[in-house]
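S.K.: Structure supplied as input22.txt; contents: compact mmCIF, C-alpha atoms.
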# COMPACT_ATOMS: atom_id res chain seq x y z
CA MET A 1 0.00 0.00 0.00
CA LYS A 2 2.85 2.38 0.83
CA LYS A 3 4.39 1.98 -2.62
CA LEU A 4 1.04 2.53 -4.29
CA LEU A 5 0.62 5.75 -2.35
CA LEU A 6 4.09 6.85 -3.43
CA ALA A 7 3.21 6.10 -7.03
CA GLY A 8 0.11 8.23 -6.81
CA GLY A 9 1.97 10.92 -4.92
CA ILE A 10 4.69 11.30 -7.50
CA GLY A 11 2.15 11.78 -10.28
CA ILE A 12 0.23 14.40 -8.31
CA ALA A 13 3.41 16.15 -7.19
CA MET A 14 4.81 16.34 -10.71
CA ILE A 15 1.52 17.65 -12.09
CA GLY A 16 1.39 20.26 -9.33
CA ALA A 17 4.99 21.34 -9.88
CA PHE A 18 4.49 21.61 -13.60
CA VAL A 19 1.27 23.59 -13.68
CA ALA A 20 2.17 25.97 -10.85
CA GLY A 21 1.96 29.51 -12.13
CA ARG A 22 0.42 28.57 -15.48
CA GLN A 23 -2.48 30.57 -16.90
CA THR A 24 -3.69 27.71 -19.12
CA ALA A 25 -3.97 23.94 -18.75
CA PRO A 26 -0.99 21.91 -19.97
CA ASP A 27 -1.34 20.59 -23.49
CA GLU A 28 -1.00 16.94 -24.51
CA ALA A 29 2.77 17.10 -24.94
CA GLU A 30 3.28 18.78 -21.58
CA GLN A 31 1.21 16.11 -19.83
CA TYR A 32 3.97 13.67 -20.75
CA ILE A 33 5.95 14.77 -17.69
CA PRO A 34 3.59 13.40 -15.00
CA ARG A 35 2.75 10.37 -17.15
CA ARG A 36 6.42 9.49 -17.47
CA GLY A 37 6.83 10.09 -13.73
CA TRP A 38 4.13 7.52 -13.01
CA VAL A 39 5.83 4.93 -15.24
CA LEU A 40 9.20 5.55 -13.61
CA THR A 41 7.73 4.99 -10.17
CA GLU A 42 6.16 1.73 -11.30
CA GLN A 43 9.48 0.60 -12.77
CA ALA A 44 11.39 1.55 -9.63
CA GLN A 45 9.15 -0.67 -7.52
CA ARG A 46 10.29 -3.62 -9.62
CA THR A 47 13.99 -2.73 -9.76
CA PRO A 48 16.62 -4.10 -7.35
CA ASP A 49 18.27 -1.64 -4.97
CA GLY A 50 21.58 -0.07 -5.89
CA GLY A 51 22.96 0.84 -9.28
CA VAL A 52 22.92 4.33 -10.77
CA LEU A 53 19.91 6.63 -10.76
CA MET A 54 20.01 9.16 -13.60
CA ILE A 55 17.73 12.18 -13.22
CA GLY A 56 17.40 14.36 -16.29
CA ASP A 57 15.46 15.62 -19.27
CA SER A 58 15.26 14.34 -22.86
CA LEU A 59 19.05 14.21 -23.15
CA THR A 60 19.05 11.57 -20.42
CA GLU A 61 15.86 9.84 -21.57
CA ARG A 62 17.25 9.39 -25.10
CA SER A 63 20.85 8.70 -24.08
CA GLY A 64 20.80 4.91 -24.31
CA PHE A 65 22.68 4.46 -21.01
CA ALA A 66 22.61 0.83 -19.85
CA THR A 67 25.49 0.87 -17.38
CA LEU A 68 27.63 3.54 -15.73
CA CYS A 69 30.67 3.03 -13.51
CA GLY A 70 30.14 -0.70 -13.95
CA LYS A 71 26.63 -0.57 -12.49
CA PRO A 72 23.17 -0.83 -14.08
CA VAL A 73 21.45 2.48 -14.84
CA PHE A 74 17.89 3.38 -13.92
CA ASN A 75 17.09 6.01 -16.55
CA ALA A 76 14.78 8.62 -15.01
CA GLY A 77 15.05 11.06 -17.87
CA VAL A 78 11.84 12.92 -18.66
CA SER A 79 11.54 14.89 -21.89
CA MET A 80 10.73 18.60 -21.44
CA ALA A 81 11.45 18.41 -17.70
CA LYS A 82 13.04 21.14 -15.62
CA ALA A 83 14.41 20.90 -12.10
CA GLN A 84 11.06 22.02 -10.68
CA ASP A 85 9.38 19.05 -12.40
CA MET A 86 11.88 16.48 -11.18
CA ARG A 87 12.47 17.40 -7.54
CA TRP A 88 9.75 15.22 -6.04
CA ALA A 89 10.36 12.42 -8.52
CA ALA A 90 14.07 12.42 -7.71
CA ARG A 91 13.49 12.13 -3.98
CA THR A 92 10.89 9.38 -4.33
CA LEU A 93 12.97 7.35 -6.76
CA ALA A 94 16.08 7.68 -4.59
CA GLU A 95 14.17 6.49 -1.55
CA ASP A 96 12.86 3.48 -3.46
CA LEU A 97 16.00 2.54 -5.39
CA LYS A 98 18.68 3.36 -2.79
CA PRO A 99 21.20 4.03 -5.57
CA ASP A 100 24.95 3.65 -5.21
CA LEU A 101 25.33 6.80 -7.35
CA THR A 102 22.90 9.48 -8.48
CA VAL A 103 23.53 11.53 -11.62
CA VAL A 104 21.60 14.76 -12.21
CA ALA A 105 21.61 16.24 -15.71
CA LEU A 106 19.19 19.16 -15.72
CA GLY A 107 19.25 22.78 -16.81
CA THR A 108 19.04 22.52 -20.58
CA ASN A 109 15.32 23.26 -20.71
CA GLU A 110 15.82 26.14 -18.27
CA ALA A 111 18.49 27.60 -20.56
CA LEU A 112 16.31 27.17 -23.64
CA THR A 113 13.36 28.91 -22.00
CA GLU A 114 15.36 31.46 -19.97
CA THR A 115 13.97 30.29 -16.63
CA PRO A 116 14.95 32.77 -13.88
CA ILE A 117 18.32 31.77 -12.44
CA ALA A 118 17.05 32.24 -8.88
CA ASP A 119 14.30 29.69 -9.53
CA PHE A 120 16.77 27.20 -11.02
CA ARG A 121 19.19 27.64 -8.11
CA ARG A 122 16.43 27.13 -5.55
CA GLU A 123 14.97 24.03 -7.18
CA MET A 124 18.38 22.42 -7.73
CA THR A 125 19.55 23.23 -4.21
CA GLU A 126 16.43 21.73 -2.66
CA MET A 127 16.58 18.66 -4.89
CA LEU A 128 20.23 17.91 -4.18
CA ALA A 129 19.71 18.30 -0.44
CA GLU A 130 17.25 15.39 -0.62
CA LEU A 131 19.43 13.04 -2.68
CA PRO A 132 22.00 10.59 -1.33
CA LYS A 133 25.68 10.98 -2.09
CA PRO A 134 27.75 10.32 -4.07
CA LEU A 135 26.29 12.64 -6.68
CA THR A 136 27.44 13.62 -10.16
CA LEU A 137 26.14 16.85 -11.71
CA VAL A 138 26.20 17.13 -15.50
CA SER A 139 26.55 20.64 -16.92
CA VAL A 140 24.27 22.01 -19.62
CA PRO A 141 25.94 20.92 -22.88
CA LYS A 142 27.88 23.04 -25.34
CA LEU A 143 25.30 23.82 -27.97
CA PRO A 144 26.56 26.46 -30.43
CA GLU A 145 23.24 28.31 -30.69
CA HIS A 146 22.60 28.23 -26.93
CA GLU A 147 26.05 28.24 -25.31
CA LYS A 148 25.79 31.81 -24.04
CA ALA A 149 22.33 31.18 -22.57
CA ALA A 150 23.67 28.11 -20.75
CA GLN A 151 26.50 29.93 -18.97
CA PRO A 152 24.60 31.22 -15.90
CA TYR A 153 22.96 27.84 -15.35
CA ASN A 154 26.31 26.10 -15.59
CA ALA A 155 27.69 28.55 -13.05
CA VAL A 156 24.99 27.43 -10.61
CA ILE A 157 25.69 23.76 -11.34
CA ALA A 158 29.44 24.26 -10.83
CA GLU A 159 28.79 26.04 -7.54
CA LEU A 160 26.56 23.23 -6.29
CA ALA A 161 29.20 20.68 -7.29
CA GLN A 162 31.61 22.17 -4.73
CA GLN A 163 29.88 20.20 -1.98
CA PRO A 164 31.61 17.12 -0.51
CA GLY A 165 30.64 13.93 -2.29
CA VAL A 166 29.63 15.73 -5.50
CA LYS A 167 31.42 15.55 -8.87
CA LEU A 168 31.02 17.85 -11.85
CA VAL A 169 30.91 16.91 -15.52
CA GLU A 170 31.96 19.95 -17.52
CA PRO A 171 29.86 21.08 -20.52
CA ILE A 172 29.92 18.42 -23.22
CA ALA A 173 30.14 19.22 -26.93
CA TYR A 174 28.50 16.58 -29.10
CA GLU A 175 26.96 16.09 -32.51
CA THR A 176 23.24 16.84 -32.52
CA SER A 177 20.34 15.71 -34.64
CA ASP A 178 18.36 18.93 -34.27
CA GLY A 179 20.60 21.49 -32.59
CA VAL A 180 19.89 20.14 -29.09
CA HIS A 181 19.40 16.37 -28.93
CA GLN A 182 22.21 13.91 -29.47
CA SER A 183 22.62 12.15 -32.79
CA PRO A 184 23.62 8.47 -32.43
CA ALA A 185 27.28 9.53 -32.52
CA GLY A 186 26.56 12.42 -30.18
CA ALA A 187 24.96 10.06 -27.67
CA GLN A 188 28.17 8.05 -27.59
CA THR A 189 30.16 11.23 -26.93
CA TRP A 190 27.75 12.28 -24.16
CA ARG A 191 27.87 8.88 -22.50
CA ALA A 192 31.67 8.70 -22.71
CA ALA A 193 32.08 12.11 -21.06
CA ILE A 194 29.86 11.12 -18.15
CA GLU A 195 31.53 7.71 -17.88
CA ALA A 196 34.88 9.51 -17.50
CA SER A 197 33.63 10.94 -14.20
CA CYS A 198 33.71 7.43 -12.72
CA SER A 199 37.50 7.47 -12.44
Could you quickly redo this structure as structure tokens?
M.R.:
Amino acid sequence: MKKLLLAGGIGIAMIGAFVAGRQTAPDEAEQYIPRRGWVLTEQAQRTPDGGVLMIGDSLTERSGFATLCGKPVFNAGVSMAKAQDMRWAARTLAEDLKPDLTVVALGTNEALTETPIADFRREMTEMLAELPKPLTLVSVPKLPEHEKAAQPYNAVIAELAQQPGVKLVEPIAYETSDGVHQSPAGAQTWRAAIEASCS
């Protein structure tokens, strides 16, 4: 019963986080965030403890990670997600999975939509405070058309990575399929850069 309540709670929490401050109801694409959150919770209930929990957006969801640092990956990437959407999901999944390592790769959607830096800092700070260490933070990638916009978000990520038990993956340059998302070759580059943080 407890796990079922958590499953329901994560869906409600993600919906609430996403629609807060909106003037209109989320459209069909935007509703993907809580739907994906529900599926992730269901999967986590059936996944052995340990391994690597990866929290992120579409870059994580589409990455193709199977293992990291020699451990199986639980891919909790959610397309279109920002830190505010993933905070409650991250905490719930970490409590359920008890990961050996948690990787957080967020900030790209904030940079693309110019989310206020103060909001990003607050949501990331609160999320990380609720996650177990060790942690790895992945910077917003080097995207030629958006590199300048990413800089203040990466400054926040680098600052948060100064905490004990936290590693930083510097901005990754990779081949894209659409200016943002990894091509098949770009996904290999992205994975390799994060894998390098294991050493």
S.K.: Taking 2 positions as the minimum chain separation for residues in the same chain, which residues sit within 7 Å of region 41-54 of chain A when counting only C-alpha atoms? Answer as a PyMOL selection string.
M.R.: chain A and resi 7+37-39+56+68+71-77+93+96-104
S.K.: For each of A:Ala193, A:Leu59, A:Cys198, A:Ile117, take the minimum atom-to-atom distance to Pro134 (chain A), counting all atoms listed in the file, then give the residue where this is smallest.
M.R.: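 Selected residue with least distance to Pro134 (chain A): A:Cys198.
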S.K.: Just the number, please: distance in Å from CA of Glu195 (chain A) to CA of Cys69 (chain A), one decimal.
M.R.: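 CA of Cys69 (chain A) lies 6.5 Å from CA of Glu195 (chain A).
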S.K.: Considering all atoms listed in the file, state which residue in the set A:Glu61, A:Glu159, A:Glu110, A:Asp85 is at the smallest distance from Thr125 (chain A).
M.R.: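 Smallest distance to Thr125 (chain A) is found for A:Glu159.
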S.K.: If I take CA of Leu143 (chain A) and CA of Glu175 (chain A), how far is one from the other in Å, to one decimal?
M.R.: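 Between these atoms lies a distance of 9.1 Å.
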S.K.: First collect every listed atom of region 132-148 of chain A; then fit an axis-aligned box around them, widen it by 6 Å on each side, and give centre and edge lengths in Å to one decimal, as JSON.
M.R.:
{"center_x": 24.9, "center_y": 21.1, "center_z": -16.0, "size_x": 17.9, "size_y": 33.5, "size_z": 41.4}
S.K.: So how far away is CA of Ile172 (chain A) from CA of Ala158 (chain A), in Å?
M.R.: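 CA of Ile172 (chain A) lies 13.7 Å from CA of Ala158 (chain A).
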S.K.: Within 12 Å of (13.7, 26.4, -21.1) (coordinates as in the file), grab all the protein and nucleic acid residues, counting all atoms listed in the file, and write them out as a PyMOL selection string.
M.R.: chain A and resi 57+79-84+106-117+120+140+146+149-150+153+180
S.K.: Extract, using all atoms listed in the file, all DNA, RNA and protein residues at most 9 Å from Glu123 (chain A), discarding same-chain residues fewer than 4 positions from it, and format them as a list in words.
M.R.: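 After dropping sequence-adjacent residues, the list is Ala83, Gln84, Arg87, Ala118, Asp119, Met127 and Leu128 of chain A.
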S.K.: Excluding same-chain residues fewer than 5 positions from Glu95 (chain A), what lies within 9 Å of it counting only C-alpha atoms, as a PDB file with C-alpha atoms, in the frame of the given file?
M.R.:
ATOM      1  CA  ALA A  90      14.070  12.420  -7.710  1.00  0.00           C
ATOM      2  CA  LEU A 131      19.430  13.040  -2.680  1.00  0.00           C
ATOM      3  CA  PRO A 132      22.000  10.590  -1.330  1.00  0.00           C
TER       4      PRO A 132
END
S.K.: With a distance cut-off of 8 Å and only C-alpha atoms, select the neighbouring residues of Val138 (chain A), excluding the residue or stretch itself and same-chain residues fewer than 5 positions from it, and output the selection as a list of chain:residue names.
M.R.: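 Those residues are A:Val103, A:Val104, A:Ala105, A:Leu106, A:Ile157, A:Leu168, A:Val169, A:Glu170, A:Pro171, A:Ile194.
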S.K.: Ranking A:Glu130, A:Pro34, A:Ser63, A:Ser58 by minimum distance to Thr92 (chain A) and counting all atoms listed in the file, which one comes first?
M.R.: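 Of A:Glu130, A:Pro34, A:Ser63, A:Ser58, the one nearest Thr92 (chain A), counting all atoms listed in the file, is A:Glu130.
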S.K.: Go through A:Met124, A:Glu147, A:Lys142, A:Arg191 one by one, measure the shortest atom-to-atom distance of each to Leu160 (chain A) using only C-alpha atoms, and give the residue with the smallest value.
M.R.: A:Met124
S.K.: Could you check the closest approach to Leu135 (chain A) for each of A:Lys148, A:Ile55, A:Thr60, A:Thr176 and tell me which residue wins, using all atoms listed in the file?
M.R.: A:Ile55
S.K.: For Arg91 (chain A), which residue among A:Glu126, A:Pro144, A:Ser197, A:Ala161 is the nearest when counting all atoms listed in the file?
M.R.: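 Smallest separation from Arg91 (chain A) among the options: A:Glu126.
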